[in-house]
$ cat coords02.pdb   # PDB, C-alpha atoms and all ligand atoms
ATOM      1  CA  MET C   1     105.368 113.425 100.428
ATOM      2  CA  SER C   2     102.440 111.125 100.979
ATOM      3  CA  ASN C   3      98.907 112.346 101.456
ATOM      4  CA  VAL C   4      97.926 110.152 104.396
ATOM      5  CA  ALA C   5      96.153 111.151 107.606
ATOM      6  CA  VAL C   6      98.605 110.544 110.468
ATOM      7  CA  PHE C   7      98.792 111.570 114.089
ATOM      8  CA  ASP C   8     101.229 111.246 116.952
ATOM      9  CA  GLN C   9     100.131 108.064 118.715
ATOM     10  CA  ASN C  10     102.468 108.621 121.645
ATOM     11  CA  ALA C  11     100.286 109.989 124.446
ATOM     12  CA  GLY C  12     103.238 111.735 126.090
ATOM     13  CA  MET C  13     104.673 111.834 129.581
ATOM     14  CA  GLY C  14     101.426 112.965 131.224
ATOM     15  CA  VAL C  15      99.746 109.622 130.574
ATOM     16  CA  LEU C  16     100.683 106.476 132.490
ATOM     17  CA  ALA C  17     102.264 103.860 130.242
ATOM     18  CA  GLU C  18     102.867 100.281 131.345
ATOM     19  CA  SER C  19     105.428  97.875 129.959
ATOM     20  CA  PRO C  20     104.087  94.335 129.417
ATOM     21  CA  LEU C  21     106.609  93.338 132.099
ATOM     22  CA  ALA C  22     105.558  96.010 134.597
ATOM     23  CA  HIS C  23     104.209  93.348 136.958
ATOM     24  CA  VAL C  24     107.308  91.176 137.318
ATOM     25  CA  SER C  25     109.709  91.614 140.176
ATOM     26  CA  GLY C  26     113.475  91.482 139.765
ATOM     27  CA  VAL C  27     115.750  88.484 140.206
ATOM     28  CA  LYS C  28     119.199  88.796 141.758
ATOM     29  CA  GLY C  29     121.795  86.392 140.479
ATOM     30  CA  GLY C  30     124.592  86.814 143.013
ATOM     31  CA  HIS C  31     128.012  88.315 142.358
ATOM     32  CA  THR C  32     128.673  86.865 138.912
ATOM     33  CA  PRO C  33     125.411  86.048 137.188
ATOM     34  CA  GLY C  34     125.864  84.043 133.992
ATOM     35  CA  VAL C  35     122.938  85.794 132.377
ATOM     36  CA  VAL C  36     121.937  89.432 132.707
ATOM     37  CA  ILE C  37     118.511  90.315 131.323
ATOM     38  CA  ARG C  38     117.264  93.874 130.954
ATOM     39  CA  GLU C  39     114.128  95.245 129.400
ATOM     40  CA  LYS C  40     114.358  98.277 127.134
ATOM     41  CA  ALA C  41     110.787  99.403 127.578
ATOM     42  CA  PHE C  42     108.810 101.977 125.591
ATOM     43  CA  LEU C  43     110.913 102.013 122.439
ATOM     44  CA  GLY C  44     109.295 103.215 119.217
ATOM     45  CA  TYR C  45     108.612 100.614 116.513
ATOM     46  CA  LEU C  46     107.635 101.159 112.883
ATOM     47  CA  THR C  47     107.094  98.674 110.100
ATOM     48  CA  LEU C  48     108.150  99.849 106.691
ATOM     49  CA  ARG C  49     107.090  98.236 103.439
ATOM     50  CA  GLY C  50     108.226  99.055  99.940
ATOM     51  CA  ASN C  51     110.182  97.889  96.934
ATOM     52  CA  SER C  52     113.799  97.247  97.889
ATOM     53  CA  GLU C  53     114.874  97.370  94.233
ATOM     54  CA  ASP C  54     113.586 100.927  93.856
ATOM     55  CA  VAL C  55     116.646 103.171  94.156
ATOM     56  CA  SER C  56     114.591 106.214  95.190
ATOM     57  CA  PHE C  57     113.042 104.131  98.003
ATOM     58  CA  GLN C  58     116.519 103.101  99.196
ATOM     59  CA  ASP C  59     117.749 106.689  99.019
ATOM     60  CA  GLY C  60     114.688 108.033 100.840
ATOM     61  CA  VAL C  61     115.098 105.572 103.709
ATOM     62  CA  LYS C  62     118.787 106.403 104.040
ATOM     63  CA  GLN C  63     118.009 110.115 104.012
ATOM     64  CA  ALA C  64     115.269 109.835 106.648
ATOM     65  CA  LEU C  65     116.992 107.387 109.003
ATOM     66  CA  GLY C  66     120.673 108.135 108.513
ATOM     67  CA  MET C  67     121.406 104.462 107.785
ATOM     68  CA  PRO C  68     121.056 102.420 104.618
ATOM     69  CA  LEU C  69     118.134 100.093 103.906
ATOM     70  CA  PRO C  70     119.196  96.474 104.516
ATOM     71  CA  THR C  71     118.421  94.654 101.275
ATOM     72  CA  GLU C  72     120.163  91.409 102.201
ATOM     73  CA  PRO C  73     118.150  88.893 104.243
ATOM     74  CA  MET C  74     118.409  89.117 108.045
ATOM     75  CA  ARG C  75     120.663  92.155 108.030
ATOM     76  CA  LEU C  76     120.520  94.651 110.896
ATOM     77  CA  HIS C  77     121.713  98.229 110.404
ATOM     78  CA  GLN C  78     122.233 100.596 113.310
ATOM     79  CA  ASN C  79     122.508 104.331 113.718
ATOM     80  CA  GLN C  80     124.615 104.728 116.866
ATOM     81  CA  HIS C  81     124.074 108.473 116.989
ATOM     82  CA  LYS C  82     120.270 108.189 117.087
ATOM     83  CA  ALA C  83     120.285 104.849 118.959
ATOM     84  CA  SER C  84     118.029 103.505 116.216
ATOM     85  CA  SER C  85     118.075 100.477 113.953
ATOM     86  CA  ILE C  86     116.460  98.989 110.896
ATOM     87  CA  GLN C  87     116.297  95.274 110.142
ATOM     88  CA  TRP C  88     115.232  93.126 107.204
ATOM     89  CA  LEU C  89     112.051  91.168 107.985
ATOM     90  CA  SER C  90     111.161  89.928 104.509
ATOM     91  CA  PRO C  91     111.991  91.000 100.922
ATOM     92  CA  ASP C  92     109.572  93.932 101.146
ATOM     93  CA  GLU C  93     109.278  94.552 104.886
ATOM     94  CA  TRP C  94     111.548  96.097 107.516
ATOM     95  CA  LEU C  95     111.348  96.810 111.244
ATOM     96  CA  ILE C  96     112.577 100.178 112.481
ATOM     97  CA  VAL C  97     113.296 100.596 116.191
ATOM     98  CA  VAL C  98     113.807 104.130 117.499
ATOM     99  CA  GLN C  99     114.072 105.819 120.876
ATOM    100  CA  GLY C 100     110.707 106.169 122.596
ATOM    101  CA  GLY C 101     108.989 109.434 121.711
ATOM    102  CA  THR C 102     110.740 109.810 118.349
ATOM    103  CA  GLU C 103     108.527 107.401 116.386
ATOM    104  CA  TYR C 104     106.248 110.127 115.060
ATOM    105  CA  GLU C 105     109.068 112.336 113.786
ATOM    106  CA  THR C 106     110.684 109.252 112.239
ATOM    107  CA  GLU C 107     107.420 108.397 110.472
ATOM    108  CA  MET C 108     107.063 111.976 109.226
ATOM    109  CA  ALA C 109     110.682 112.008 108.023
ATOM    110  CA  LEU C 110     110.038 108.818 106.041
ATOM    111  CA  ARG C 111     106.801 110.187 104.602
ATOM    112  CA  ALA C 112     108.590 113.359 103.552
ATOM    113  CA  GLU C 113     111.251 111.385 101.672
ATOM    114  CA  LEU C 114     109.357 108.456 100.193
ATOM    115  CA  THR C 115     107.155 108.479  97.109
ATOM    116  CA  GLY C 116     105.135 105.888  95.240
ATOM    117  CA  HIS C 117     103.996 102.574  96.688
ATOM    118  CA  PHE C 118     105.097 102.196 100.302
ATOM    119  CA  ALA C 119     103.689 101.859 103.831
ATOM    120  CA  VAL C 120     104.828 103.074 107.231
ATOM    121  CA  VAL C 121     102.903 101.844 110.268
ATOM    122  CA  ASN C 122     103.563 102.746 113.886
ATOM    123  CA  ILE C 123     103.420  99.489 115.863
ATOM    124  CA  SER C 124     104.902 100.835 119.122
ATOM    125  CA  GLY C 125     103.527  99.167 122.207
ATOM    126  CA  GLY C 126     102.884  95.912 120.357
ATOM    127  CA  GLN C 127     106.139  94.389 121.548
ATOM    128  CA  THR C 128     109.012  94.924 123.942
ATOM    129  CA  LEU C 129     112.754  94.417 123.776
ATOM    130  CA  LEU C 130     114.888  92.383 126.163
ATOM    131  CA  THR C 131     118.675  92.397 126.149
ATOM    132  CA  LEU C 132     120.638  89.290 127.079
ATOM    133  CA  SER C 133     124.265  89.435 128.088
ATOM    134  CA  GLY C 134     126.663  87.567 130.323
ATOM    135  CA  SER C 135     128.881  84.547 129.816
ATOM    136  CA  ALA C 136     125.962  82.105 129.520
ATOM    137  CA  ALA C 137     123.651  84.202 127.334
ATOM    138  CA  LEU C 138     124.434  82.024 124.316
ATOM    139  CA  GLU C 139     123.700  78.862 126.326
ATOM    140  CA  VAL C 140     120.253  80.179 127.176
ATOM    141  CA  LEU C 141     119.557  80.923 123.522
ATOM    142  CA  HIS C 142     120.653  77.389 122.602
ATOM    143  CA  LYS C 143     118.033  76.084 125.032
ATOM    144  CA  SER C 144     115.312  78.369 123.730
ATOM    145  CA  THR C 145     115.334  78.456 119.948
ATOM    146  CA  VAL C 146     115.666  76.067 117.006
ATOM    147  CA  TYR C 147     117.711  78.657 115.129
ATOM    148  CA  ASP C 148     121.469  78.142 114.908
ATOM    149  CA  VAL C 149     122.820  80.950 117.082
ATOM    150  CA  HIS C 150     126.422  79.749 116.936
ATOM    151  CA  PRO C 151     128.597  82.819 116.218
ATOM    152  CA  ARG C 152     129.751  81.281 112.928
ATOM    153  CA  ASN C 153     126.117  81.426 111.732
ATOM    154  CA  PHE C 154     125.090  84.485 113.714
ATOM    155  CA  PRO C 155     127.613  87.320 113.325
ATOM    156  CA  VAL C 156     127.151  90.796 114.770
ATOM    157  CA  GLY C 157     124.640  92.695 112.634
ATOM    158  CA  LYS C 158     122.274  89.779 112.073
ATOM    159  CA  ALA C 159     118.587  89.762 113.047
ATOM    160  CA  VAL C 160     116.385  86.696 112.682
ATOM    161  CA  ALA C 161     112.669  86.141 113.202
ATOM    162  CA  THR C 162     112.204  82.611 114.466
ATOM    163  CA  THR C 163     110.587  80.425 117.094
ATOM    164  CA  PHE C 164     111.504  81.112 120.685
ATOM    165  CA  ALA C 165     110.360  78.722 123.429
ATOM    166  CA  LYS C 166     106.835  77.897 122.214
ATOM    167  CA  ALA C 167     106.286  81.423 120.934
ATOM    168  CA  THR C 168     108.022  83.593 118.353
ATOM    169  CA  ALA C 169     110.655  86.288 118.725
ATOM    170  CA  ILE C 170     113.120  88.340 116.778
ATOM    171  CA  ILE C 171     116.669  87.541 117.864
ATOM    172  CA  ARG C 172     119.264  90.225 117.127
ATOM    173  CA  ARG C 173     122.967  90.569 117.713
ATOM    174  CA  PRO C 174     123.782  94.285 117.767
ATOM    175  CA  THR C 175     127.219  93.861 119.380
ATOM    176  CA  GLU C 176     129.722  91.103 120.086
ATOM    177  CA  ASP C 177     128.325  90.126 123.481
ATOM    178  CA  THR C 178     124.809  91.516 123.623
ATOM    179  CA  TRP C 179     121.760  89.755 122.254
ATOM    180  CA  GLU C 180     118.386  91.390 121.813
ATOM    181  CA  LEU C 181     115.011  89.687 121.858
ATOM    182  CA  ILE C 182     111.946  91.448 120.523
ATOM    183  CA  VAL C 183     108.871  89.671 121.838
ATOM    184  CA  ARG C 184     105.218  90.360 121.285
ATOM    185  CA  ARG C 185     103.440  92.167 124.081
ATOM    186  CA  SER C 186     101.036  89.295 124.759
ATOM    187  CA  PHE C 187     103.939  86.807 124.934
ATOM    188  CA  ALA C 188     106.262  89.024 126.984
ATOM    189  CA  ASP C 189     105.308  87.489 130.326
ATOM    190  CA  TYR C 190     105.679  83.940 128.971
ATOM    191  CA  CYS C 191     109.043  84.682 127.335
ATOM    192  CA  TYR C 192     110.292  86.406 130.481
ATOM    193  CA  ARG C 193     109.340  83.444 132.680
ATOM    194  CA  TRP C 194     110.892  81.038 130.174
ATOM    195  CA  LEU C 195     114.120  83.062 130.189
ATOM    196  CA  ILE C 196     114.307  83.202 133.977
ATOM    197  CA  ASP C 197     113.707  79.450 134.185
ATOM    198  CA  ALA C 198     116.199  78.626 131.424
ATOM    199  CA  SER C 199     118.813  80.944 132.977
ATOM    200  CA  GLN C 200     118.445  79.661 136.540
ATOM    201  CA  GLU C 201     121.278  77.134 136.316
ATOM    202  CA  PHE C 202     123.747  79.851 135.245
ATOM    203  CA  GLY C 203     122.639  82.476 137.759
ATOM    204  CA  VAL C 204     120.401  85.200 136.406
ATOM    205  CA  ASP C 205     120.040  88.879 137.111
ATOM    206  CA  TYR C 206     116.959  90.813 136.056
ATOM    207  CA  GLU C 207     115.795  94.186 137.240
TER     208      GLU C 207
ATOM    209  CA  MET N   1     111.769  66.774 110.811
ATOM    210  CA  PHE N   2     112.258  68.704 107.610
ATOM    211  CA  TYR N   3     115.114  71.102 107.170
ATOM    212  CA  ILE N   4     113.622  73.537 104.673
ATOM    213  CA  TYR N   5     115.367  76.051 102.457
ATOM    214  CA  CYS N   6     113.388  79.324 102.391
ATOM    215  CA  PRO N   7     113.897  80.945  98.977
ATOM    216  CA  TYR N   8     113.313  84.391 100.496
ATOM    217  CA  CYS N   9     115.521  84.107 103.589
ATOM    218  CA  GLY N  10     118.132  82.259 101.539
ATOM    219  CA  GLU N  11     118.962  79.656 104.160
ATOM    220  CA  HIS N  12     117.784  76.382 105.646
ATOM    221  CA  ARG N  13     115.447  76.565 108.637
ATOM    222  CA  GLU N  14     113.806  74.092 110.970
ATOM    223  CA  GLU N  15     110.388  72.741 110.031
ATOM    224  CA  SER N  16     108.805  74.279 113.140
ATOM    225  CA  GLU N  17     109.203  77.720 111.547
ATOM    226  CA  PHE N  18     106.971  76.672 108.622
ATOM    227  CA  ARG N  19     103.371  75.675 107.995
ATOM    228  CA  PRO N  20     102.190  73.552 105.071
ATOM    229  CA  LYS N  21      99.427  75.177 103.058
ATOM    230  CA  GLY N  22      98.271  72.420 100.730
ATOM    231  CA  GLN N  23      98.511  71.780  97.027
ATOM    232  CA  ALA N  24     100.173  74.462  94.897
ATOM    233  CA  HIS N  25      99.250  75.876  91.485
ATOM    234  CA  ILE N  26      95.486  75.756  91.972
ATOM    235  CA  MET N  27      94.001  78.220  89.502
ATOM    236  CA  ARG N  28      90.756  79.973  90.313
ATOM    237  CA  PRO N  29      88.389  79.688  87.336
ATOM    238  CA  LYS N  30      88.562  82.982  85.440
ATOM    239  CA  ASP N  31      84.795  83.229  85.108
ATOM    240  CA  PRO N  32      83.100  81.500  88.053
ATOM    241  CA  GLU N  33      79.630  82.461  86.740
ATOM    242  CA  SER N  34      80.047  80.252  83.689
ATOM    243  CA  CYS N  35      81.633  77.338  85.558
ATOM    244  CA  SER N  36      79.864  74.024  85.822
ATOM    245  CA  ASP N  37      79.177  72.840  89.374
ATOM    246  CA  GLU N  38      81.747  70.136  88.802
ATOM    247  CA  GLU N  39      84.477  72.585  87.764
ATOM    248  CA  TRP N  40      83.737  74.850  90.726
ATOM    249  CA  ALA N  41      83.655  71.995  93.227
ATOM    250  CA  ASP N  42      86.891  70.686  91.775
ATOM    251  CA  TYR N  43      88.506  74.084  92.327
ATOM    252  CA  LEU N  44      87.141  74.466  95.844
ATOM    253  CA  PHE N  45      87.278  71.012  97.381
ATOM    254  CA  PHE N  46      89.187  68.396  95.410
ATOM    255  CA  ARG N  47      92.918  67.975  95.818
ATOM    256  CA  ASP N  48      95.454  65.583  94.367
ATOM    257  CA  ASN N  49      96.829  62.882  96.612
ATOM    258  CA  PRO N  50      99.714  61.481  94.597
ATOM    259  CA  LYS N  51     102.121  58.759  95.609
ATOM    260  CA  GLY N  52     105.397  60.389  94.646
ATOM    261  CA  VAL N  53     106.016  63.891  93.330
ATOM    262  CA  HIS N  54     103.728  66.535  94.823
ATOM    263  CA  HIS N  55     103.798  70.324  94.443
ATOM    264  CA  GLU N  56     102.706  72.099  97.583
ATOM    265  CA  MET N  57     102.646  75.548  99.177
ATOM    266  CA  TRP N  58     104.391  76.331 102.427
ATOM    267  CA  VAL N  59     104.590  79.533 104.449
ATOM    268  CA  HIS N  60     107.620  80.618 106.481
ATOM    269  CA  ALA N  61     105.275  81.379 109.366
ATOM    270  CA  THR N  62     107.639  82.564 112.108
ATOM    271  CA  GLY N  63     110.336  83.831 109.756
ATOM    272  CA  CYS N  64     109.769  86.107 106.766
ATOM    273  CA  ARG N  65     106.050  85.124 106.540
ATOM    274  CA  LYS N  66     106.254  84.591 102.771
ATOM    275  CA  PHE N  67     104.547  81.789 100.873
ATOM    276  CA  PHE N  68     106.588  79.640  98.505
ATOM    277  CA  ASN N  69     106.276  76.351  96.623
ATOM    278  CA  MET N  70     107.919  73.027  97.278
ATOM    279  CA  THR N  71     108.181  69.842  95.213
ATOM    280  CA  ARG N  72     108.229  66.904  97.585
ATOM    281  CA  ASP N  73     108.178  63.139  97.280
ATOM    282  CA  THR N  74     105.269  61.900  99.387
ATOM    283  CA  VAL N  75     106.812  58.428  99.630
ATOM    284  CA  SER N  76     110.348  59.282 100.756
ATOM    285  CA  TYR N  77     109.456  62.746 102.141
ATOM    286  CA  GLU N  78     112.445  64.035 100.203
ATOM    287  CA  ILE N  79     112.266  67.738  99.317
ATOM    288  CA  LEU N  80     113.175  67.865  95.636
ATOM    289  CA  GLU N  81     113.112  71.655  95.162
ATOM    290  CA  VAL N  82     111.698  74.922  96.516
ATOM    291  CA  TYR N  83     110.731  77.825  94.288
ATOM    292  CA  LYS N  84     109.124  81.226  94.708
ATOM    293  CA  MET N  85     105.484  82.109  94.155
ATOM    294  CA  GLY N  86     104.739  82.699  90.482
ATOM    295  CA  GLU N  87     107.475  80.314  89.365
ATOM    296  CA  GLN N  88     106.971  76.870  87.857
ATOM    297  CA  PRO N  89     108.512  73.611  89.126
ATOM    298  CA  LYS N  90     111.554  72.188  87.368
ATOM    299  CA  ILE N  91     110.852  68.709  88.685
ATOM    300  CA  THR N  92     107.504  67.038  87.930
ATOM    301  CA  ALA N  93     106.197  63.482  88.050
ATOM    302  CA  ALA N  94     106.659  63.321  84.259
ATOM    303  CA  SER N  95     110.205  64.722  84.296
ATOM    304  CA  ARG N  96     111.236  62.214  86.921
ATOM    305  CA  VAL N  97     110.000  59.289  84.829
ATOM    306  CA  VAL N  98     111.644  60.601  81.650
ATOM    307  CA  GLY N  99     114.846  61.445  83.517
ATOM    308  CA  GLY N 100     114.933  57.888  84.792
ATOM    309  CA  GLU N 101     115.449  58.943  88.403
ATOM    310  CA  LYS N 102     114.345  56.404  90.997
TER     311      LYS N 102
HETATM  312 ZN    ZN C 301     111.807  82.980 104.944
END

$ encode --input "coords02.pdb" --output "structure tokens"
Amino acid sequence: MSNVAVFDQNAGMGVLAESPLAHVSGVKGGHTPGVVIREKAFLGYLTLRGNSEDVSFQDGVKQALGMPLPTEPMRLHQNQHKASSIQWLSPDEWLIVVQGGTEYETEMALRAELTGHFAVVNISGGQTLLTLSGSAALEVLHKSTVYDVHPRNFPVGKAVATTFAKATAIIRRPTEDTWELIVRRSFADYCYRWLIDASQEFGVDYE
Amino acid sequence: MFYIYCPYCGEHREESEFRPKGQAHIMRPKDPESCSDEEWADYLFFRDNPKGVHHEMWVHATGCRKFFNMTRDTVSYEILEVYKMGEQPKITAASRVVGGEK
């Protein structure tokens, strides 16, 4: 148990919250759009730092999150039951994504389990998540990033921080045919417009 | 374009994910108070500009955001090795001459 002053940063349902894409209107892509883009707004995000070689740190994370700590580079672990995930960001840093409103209890669960030298920071609201699916989703990624997103290099369960358009993004592949993009709040509008433009030739649906 | 192996991510990535951060292995004088002006200025401002083997720092800026070292040939641009912070290079200007490479 760590002795750190924390508070629930989620203001609750009574306070108006705005996604960084609240201002954009939808795009209809006809009957069979090649690319379907959806925003998963208001998810909870935590960064976790610690020593991945410390067995008690690994155990604590597994206990608190119900999924093991990814110690291999670019690995994404998911907890289907809680609709949460944890991904490797660097050798001592991980990104935890949880359902909106559960970030504080997740932080407290981690603090209850972990000891020693570690950090948990609530970064919710700093970014948003877009899902990409459809037959041409991969084509759009090819146009947008320098990273090799070919399935042979990007299997399900991989998550990579890289360049996206002229900004940065985290590209994740949680399932066979869904891609996730985590973009910074201040770049969300730019990335959205880039995606719509890049997807135009395949037919794009966004709502 | 460089295709750079990040020793932390464990794979090759495009150069646009990285930023060069200058000469590596620059040691801060342990006791700045007793440094001569020349030693301090050398630490702060003066950098090597070799023709050939150069040790430099890079950061995987849009990836894992870790710093690491690279030995690079400034003539051919060839990346000779990458190694983590705190480690020493295996390839140096001297070792290349002795080894008879190039
Ligand atoms: Zn890296």

$ residues_near_ligand --input "coords02.pdb" --ligand "ligand ZN 301 (chain C)" --cutoff "10 Å" --atoms "all atoms listed in the file" --output "count of residues only"
30

$ axis_aligned_box --input "coords02.pdb" --around "stretch 180-185 of chain C" --padding-each-side "3 Å" --output "AutoDock Vina command-line options"
--center_x 110.9 --center_y 90.9 --center_z 122.3 --size_x 20.9 --size_y 8.5 --size_z 9.6

$ resolve_selection --input "coords02.pdb" --expression "the PyMOL selection byres ((chain C and not hetatm) within 12 of (chain N))" --output "short mmCIF file (atom, residue, chain, number, x, y, z; two decimals) with C-alpha atoms, in the frame of the given file"
data_model
loop_
_atom_site.label_atom_id
_atom_site.label_comp_id
_atom_site.auth_asym_id
_atom_site.auth_seq_id
_atom_site.Cartn_x
_atom_site.Cartn_y
_atom_site.Cartn_z
CA THR C 71 118.42 94.65 101.28
CA GLU C 72 120.16 91.41 102.20
CA PRO C 73 118.15 88.89 104.24
CA MET C 74 118.41 89.12 108.04
CA ARG C 75 120.66 92.16 108.03
CA GLN C 87 116.30 95.27 110.14
CA TRP C 88 115.23 93.13 107.20
CA LEU C 89 112.05 91.17 107.98
CA SER C 90 111.16 89.93 104.51
CA PRO C 91 111.99 91.00 100.92
CA ASP C 92 109.57 93.93 101.15
CA GLU C 93 109.28 94.55 104.89
CA TRP C 94 111.55 96.10 107.52
CA LEU C 95 111.35 96.81 111.24
CA THR C 145 115.33 78.46 119.95
CA VAL C 146 115.67 76.07 117.01
CA TYR C 147 117.71 78.66 115.13
CA ASP C 148 121.47 78.14 114.91
CA ASN C 153 126.12 81.43 111.73
CA ALA C 159 118.59 89.76 113.05
CA VAL C 160 116.38 86.70 112.68
CA ALA C 161 112.67 86.14 113.20
CA THR C 162 112.20 82.61 114.47
CA THR C 163 110.59 80.42 117.09
CA PHE C 164 111.50 81.11 120.68
CA ALA C 165 110.36 78.72 123.43
CA LYS C 166 106.84 77.90 122.21
CA ALA C 167 106.29 81.42 120.93
CA THR C 168 108.02 83.59 118.35
CA ALA C 169 110.66 86.29 118.72
CA ILE C 170 113.12 88.34 116.78
CA ILE C 171 116.67 87.54 117.86
#

$ resolve_selection --input "coords02.pdb" --expression "the PyMOL selection byres (((chain C and resi 51-57) around 10) and not hetatm)" --output "ChimeraX atom specification"
/C:49-50,58-63,69-72,91-94,110,113-118

$ write_last_selection --input "coords02.pdb" --atoms "C-alpha atoms" --output "compact mmCIF listing (two decimals), keeping the file's coordinate frame"
# COMPACT_ATOMS: atom_id res chain seq x y z
CA ARG C 49 107.09 98.24 103.44
CA GLY C 50 108.23 99.06 99.94
CA GLN C 58 116.52 103.10 99.20
CA ASP C 59 117.75 106.69 99.02
CA GLY C 60 114.69 108.03 100.84
CA VAL C 61 115.10 105.57 103.71
CA LYS C 62 118.79 106.40 104.04
CA GLN C 63 118.01 110.12 104.01
CA LEU C 69 118.13 100.09 103.91
CA PRO C 70 119.20 96.47 104.52
CA THR C 71 118.42 94.65 101.28
CA GLU C 72 120.16 91.41 102.20
CA PRO C 91 111.99 91.00 100.92
CA ASP C 92 109.57 93.93 101.15
CA GLU C 93 109.28 94.55 104.89
CA TRP C 94 111.55 96.10 107.52
CA LEU C 110 110.04 108.82 106.04
CA GLU C 113 111.25 111.38 101.67
CA LEU C 114 109.36 108.46 100.19
CA THR C 115 107.16 108.48 97.11
CA GLY C 116 105.14 105.89 95.24
CA HIS C 117 104.00 102.57 96.69
CA PHE C 118 105.10 102.20 100.30

$ atom_distance --input "coords02.pdb" --atom1 "atom CA of C:Phe187" --atom2 "atom CA of C:Arg38"
16.2 Å

$ atom_distance --input "coords02.pdb" --atom1 "atom CA of N:Lys84" --atom2 "atom CA of N:Ala24"
11.2 Å

$ closest_residue --input "coords02.pdb" --among "N:Ser36, N:Phe2, N:Arg19, N:Gly52" --to "N:Ser76" --atoms "all atoms listed in the file"
N:Gly52

$ resolve_selection --input "coords02.pdb" --expression "the PyMOL selection byres (((chain C and resi 9) around 12) and not hetatm)" --output "count of residues only"
22

$ atom_distance --input "coords02.pdb" --atom1 "atom CA of N:Ile79" --atom2 "atom CA of N:Met27"
23.2 Å

$ closest_residue --input "coords02.pdb" --among "N:Glu87, N:Val97, N:Tyr3, N:Arg72" --to "N:His25" --atoms "all atoms listed in the file"
N:Glu87

$ residues_around --input "coords02.pdb" --residues "C:Arg193" --least-positions-apart "6" --cutoff "12 Å" --atoms "only C-alpha atoms" --output "list in words"
Leu21, His23, Val24, Ser25, Gly26, Val27, Ile37, Ser144, Ala165, Phe187, Ser199, Gln200, Val204 and Tyr206 of chain C

$ residues_around --input "coords02.pdb" --residues "C:Ser85" --least-positions-apart "6" --cutoff "8 Å" --atoms "only C-alpha atoms" --output "list of chain:residue names"
C:Leu76, C:His77, C:Gln78, C:Asn79, C:Ile96, C:Val97, C:Val98

$ residues_near_point --input "coords02.pdb" --point "(126.5, 84.2, 135.5)" --cutoff "7 Å" --atoms "all atoms listed in the file" --output "ChimeraX atom specification"
/C:32-35,134-136,202-204

$ decode --input "coords02.pdb" --residues "stretch 64-68 of chain C" --atoms "all heavy atoms" --output "PDB file, in the first residue's frame"
ATOM      1  N   ALA C  64      -4.215  -7.062  -9.399  1.00  0.00           N
ATOM      2  CA  ALA C  64      -5.066  -5.873  -9.459  1.00  0.00           C
ATOM      3  C   ALA C  64      -5.863  -5.793 -10.755  1.00  0.00           C
ATOM      4  O   ALA C  64      -6.998  -5.313 -10.767  1.00  0.00           O
ATOM      5  CB  ALA C  64      -4.200  -4.614  -9.296  1.00  0.00           C
ATOM      6  N   LEU C  65      -5.282  -6.256 -11.867  1.00  0.00           N
ATOM      7  CA  LEU C  65      -5.919  -6.061 -13.166  1.00  0.00           C
ATOM      8  C   LEU C  65      -6.572  -7.317 -13.726  1.00  0.00           C
ATOM      9  O   LEU C  65      -7.361  -7.250 -14.670  1.00  0.00           O
ATOM     10  CB  LEU C  65      -4.896  -5.547 -14.189  1.00  0.00           C
ATOM     11  CG  LEU C  65      -4.171  -4.238 -13.860  1.00  0.00           C
ATOM     12  CD1 LEU C  65      -3.187  -3.909 -14.971  1.00  0.00           C
ATOM     13  CD2 LEU C  65      -5.150  -3.088 -13.662  1.00  0.00           C
ATOM     14  N   GLY C  66      -6.219  -8.474 -13.163  1.00  0.00           N
ATOM     15  CA  GLY C  66      -6.764  -9.716 -13.692  1.00  0.00           C
ATOM     16  C   GLY C  66      -6.178 -10.084 -15.038  1.00  0.00           C
ATOM     17  O   GLY C  66      -6.788 -10.808 -15.826  1.00  0.00           O
ATOM     18  N   MET C  67      -4.997  -9.558 -15.342  1.00  0.00           N
ATOM     19  CA  MET C  67      -4.260  -9.967 -16.560  1.00  0.00           C
ATOM     20  C   MET C  67      -2.783  -9.741 -16.282  1.00  0.00           C
ATOM     21  O   MET C  67      -2.421  -8.863 -15.505  1.00  0.00           O
ATOM     22  CB  MET C  67      -4.730  -9.176 -17.786  1.00  0.00           C
ATOM     23  CG  MET C  67      -4.685  -7.674 -17.628  1.00  0.00           C
ATOM     24  SD  MET C  67      -5.532  -6.841 -18.989  1.00  0.00           S
ATOM     25  CE  MET C  67      -5.841  -5.239 -18.210  1.00  0.00           C
ATOM     26  N   PRO C  68      -1.939 -10.578 -16.881  1.00  0.00           N
ATOM     27  CA  PRO C  68      -0.511 -10.485 -16.571  1.00  0.00           C
ATOM     28  C   PRO C  68       0.153  -9.248 -17.169  1.00  0.00           C
ATOM     29  O   PRO C  68      -0.302  -8.711 -18.188  1.00  0.00           O
ATOM     30  CB  PRO C  68       0.066 -11.770 -17.176  1.00  0.00           C
ATOM     31  CG  PRO C  68      -0.917 -12.212 -18.190  1.00  0.00           C
ATOM     32  CD  PRO C  68      -2.259 -11.689 -17.785  1.00  0.00           C
TER      33      PRO C  68
END
